[in-house]
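Peer 1: Handing you a structure now.
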Amino acid sequence: MFSETVADHRTGHPSPKPGVLGTGVFSLLTILVEVAKQTIVFAVRHFNTTKLYPFYIGSIVFCTELSKFLFCYLIFCVQHRRMRFMPSPVFVFPAFFLVAANSAFLYCVYYIAPPTWNIFLQSRAVFTALGGFVVFGRPIERRTWVAMVLLVVTAMLAVLFSPGVVTSQYYPYEEDTKMWVFAAFIGVACSAFLYDSFEYISKLGKRPIAEKHIQLYFFSTVLGFIGAEFTSNGNIFELDIRMFFPLDFYMCVLTLVVWGFGGLGLFILMNRLSTPADEANFIPAWIPPVLFLLSTVVSSLMFPTQQGYSHGVTAVIFLLMGTVSVLYSSGGSSTVPPEQNKVAIIDA
């Protein structure tokens, strides 16, 4: 079955749970979308002779958030048969974290290949757990603490053995190593704080889930526009013709489609299969290590000139990610809420 309804063990109320088919489809789409997002964004600057994006980073973030908002707004109008909504300023906070995380991600792609960023994305489970402990008072089990420590160790190994990438004269790798590590830390933290703040705000009101996302992406679009205006000095859609050849155009369009709509599609599927409180409860434990391994394989095939991790380092990181994911998933029968039981891998 794709989805089934069972009684929630905490409340006793019926709630949707994924069947075998639903879990399998979600797992496959998660791996494909996440690998595609990381690989395509890296390819946009990798295949340019200047090793730069044809647009400003702020412009890319603005266009991505605008596409998300328009897509969610269309769904909202169709579902609720109304076109008006009242923006609530409280959604500015998660929107800020969303824009900051995406901006940091695009900046880091100048310096790191997809497998390295893959580890950074999954390490945000540490910040999510700590944020849940501080904001919601959720207890953290010993096995979860062990998993968090191993996840930090894995991220440190990923940075220590991170293969250098061919960069431009504007973003020299040797001079800005500390900057991209700091940007990655900020991006991972903002991504985790996005989940915690959005969950906290969502519990304050009874708006439909579609309207909550309209609020989020409306303010992320506004903040993205402000950031694009600031970083581009008012030339949001200015592009460098010297490096904007047809391949770049198609790659940018593909980036918007996969990065913008891919994440939304996964979120919609999660909400169809489960309640928001249990949305990560059915993510299989094998997804994080397989996601890293597939990202490594795809990167080596698409970017043969790009140096990757050695086989030994890849094997160690794969085993560590598998151990971390099993430790997180084994907390399902404990008092730890289900949303902490898996490594966070879904990008907003």
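Labels used: A, B, ... for chains in the order of the structure tokens, numbers from 1 for residues in each chain, and numbers from 1 for ligands as shown.
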Using DSSP on the backbone coordinates, identify all residues within range 46-173 of chain A classified as alpha helix (DSSP H); present the result as a ChimeraX atom specification.
Peer 2: /A:46,57-80,92-108,114-122,124-135,142-160
Peer 1: What's the 8 Å shell around Thr39 in chain A, counting only C-alpha atoms, without same-chain residues fewer than 4 positions away, as a ChimeraX atom specification?
Peer 2: /A:35,43,114,295,298-299
Peer 1: Limited to N, CA and C atoms, could you put the picked residues into a file as a PDB file, in the first residue's frame?
Peer 2:
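Wrote again-v1.pdb, looks like this:
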```pdb
ATOM      1  N   VAL A  35      20.705  14.328  -4.872  1.00  0.00           N
ATOM      2  CA  VAL A  35      21.933  14.218  -5.667  1.00  0.00           C
ATOM      3  C   VAL A  35      21.878  15.167  -6.858  1.00  0.00           C
ATOM      4  N   ALA A  43      27.646  21.966 -11.160  1.00  0.00           N
ATOM      5  CA  ALA A  43      27.978  21.928 -12.584  1.00  0.00           C
ATOM      6  C   ALA A  43      27.865  23.297 -13.235  1.00  0.00           C
ATOM      7  N   PRO A 114      30.178  18.224  -4.486  1.00  0.00           N
ATOM      8  CA  PRO A 114      28.928  17.730  -3.887  1.00  0.00           C
ATOM      9  C   PRO A 114      29.089  16.747  -2.732  1.00  0.00           C
ATOM     10  N   SER A 295      26.322  10.319  -4.378  1.00  0.00           N
ATOM     11  CA  SER A 295      26.829  11.648  -4.706  1.00  0.00           C
ATOM     12  C   SER A 295      28.291  11.581  -5.128  1.00  0.00           C
ATOM     13  N   VAL A 298      28.372   9.867  -8.730  1.00  0.00           N
ATOM     14  CA  VAL A 298      27.885  10.772  -9.774  1.00  0.00           C
ATOM     15  C   VAL A 298      28.886  11.896 -10.028  1.00  0.00           C
ATOM     16  N   SER A 299      29.492  12.419  -8.973  1.00  0.00           N
ATOM     17  CA  SER A 299      30.476  13.488  -9.141  1.00  0.00           C
ATOM     18  C   SER A 299      31.692  13.007  -9.924  1.00  0.00           C
TER      19      SER A 299
END
```
Peer 1: Do a neighbour search on Phe303 in chain A at 10 Å with only C-alpha atoms, toss out local chain neighbours closer than 6 positions, and write the hits as a list in words.
Peer 2: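 Returned residues: Thr39, Phe42, Ala43, His46, Phe47, Ala113 and Val297 of chain A.
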Peer 1: Can I get the selected residues back with C-alpha atoms, as a PDB file, in the first residue's frame?
Peer 2:
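again.pdb was written with the following content:
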```pdb
ATOM      1  CA  THR A  39      25.372  18.031  -8.712  1.00  0.00           C
ATOM      2  CA  PHE A  42      28.014  22.563  -8.826  1.00  0.00           C
ATOM      3  CA  ALA A  43      27.978  21.928 -12.584  1.00  0.00           C
ATOM      4  CA  HIS A  46      32.263  23.957 -12.905  1.00  0.00           C
ATOM      5  CA  PHE A  47      31.715  24.017 -16.672  1.00  0.00           C
ATOM      6  CA  ALA A 113      32.390  19.319  -4.425  1.00  0.00           C
ATOM      7  CA  VAL A 297      29.900   8.232  -7.774  1.00  0.00           C
TER       8      VAL A 297
END
```
Peer 1: Just the number, please: distance in Å from CA of Leu157 in chain A to CA of Ile40 in chain A, one decimal.
Peer 2: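 Pair CA of Leu157 in chain A / CA of Ile40 in chain A returns 24.3 Å.
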Peer 1: Which one is closest to Tyr53 in chain A: A:Tyr110, A:Phe198, A:Phe218, A:Tyr309? Count only C-alpha atoms.
Peer 2: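 Comparing A:Tyr110, A:Phe198, A:Phe218, A:Tyr309 against Tyr53 in chain A, the winner is A:Tyr110.
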Peer 1: Counting only C-alpha atoms, which of A:Glu141, A:Glu229, A:Glu211, A:Glu199 gets nearest to Phe69 in chain A?
Peer 2: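 Checking each candidate against Phe69 in chain A, we get A:Glu211 as the closest.
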Peer 1: What is the CA of Pro94 in chain A to CA of Gly224 in chain A distance in Å?
Peer 2: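 Separation between CA of Pro94 in chain A and CA of Gly224 in chain A: 12.8 Å.
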Peer 1: So what do you get for CA of Phe225 in chain A versus CA of Ala192 in chain A, distance-wise?
Peer 2: 22.5 Å
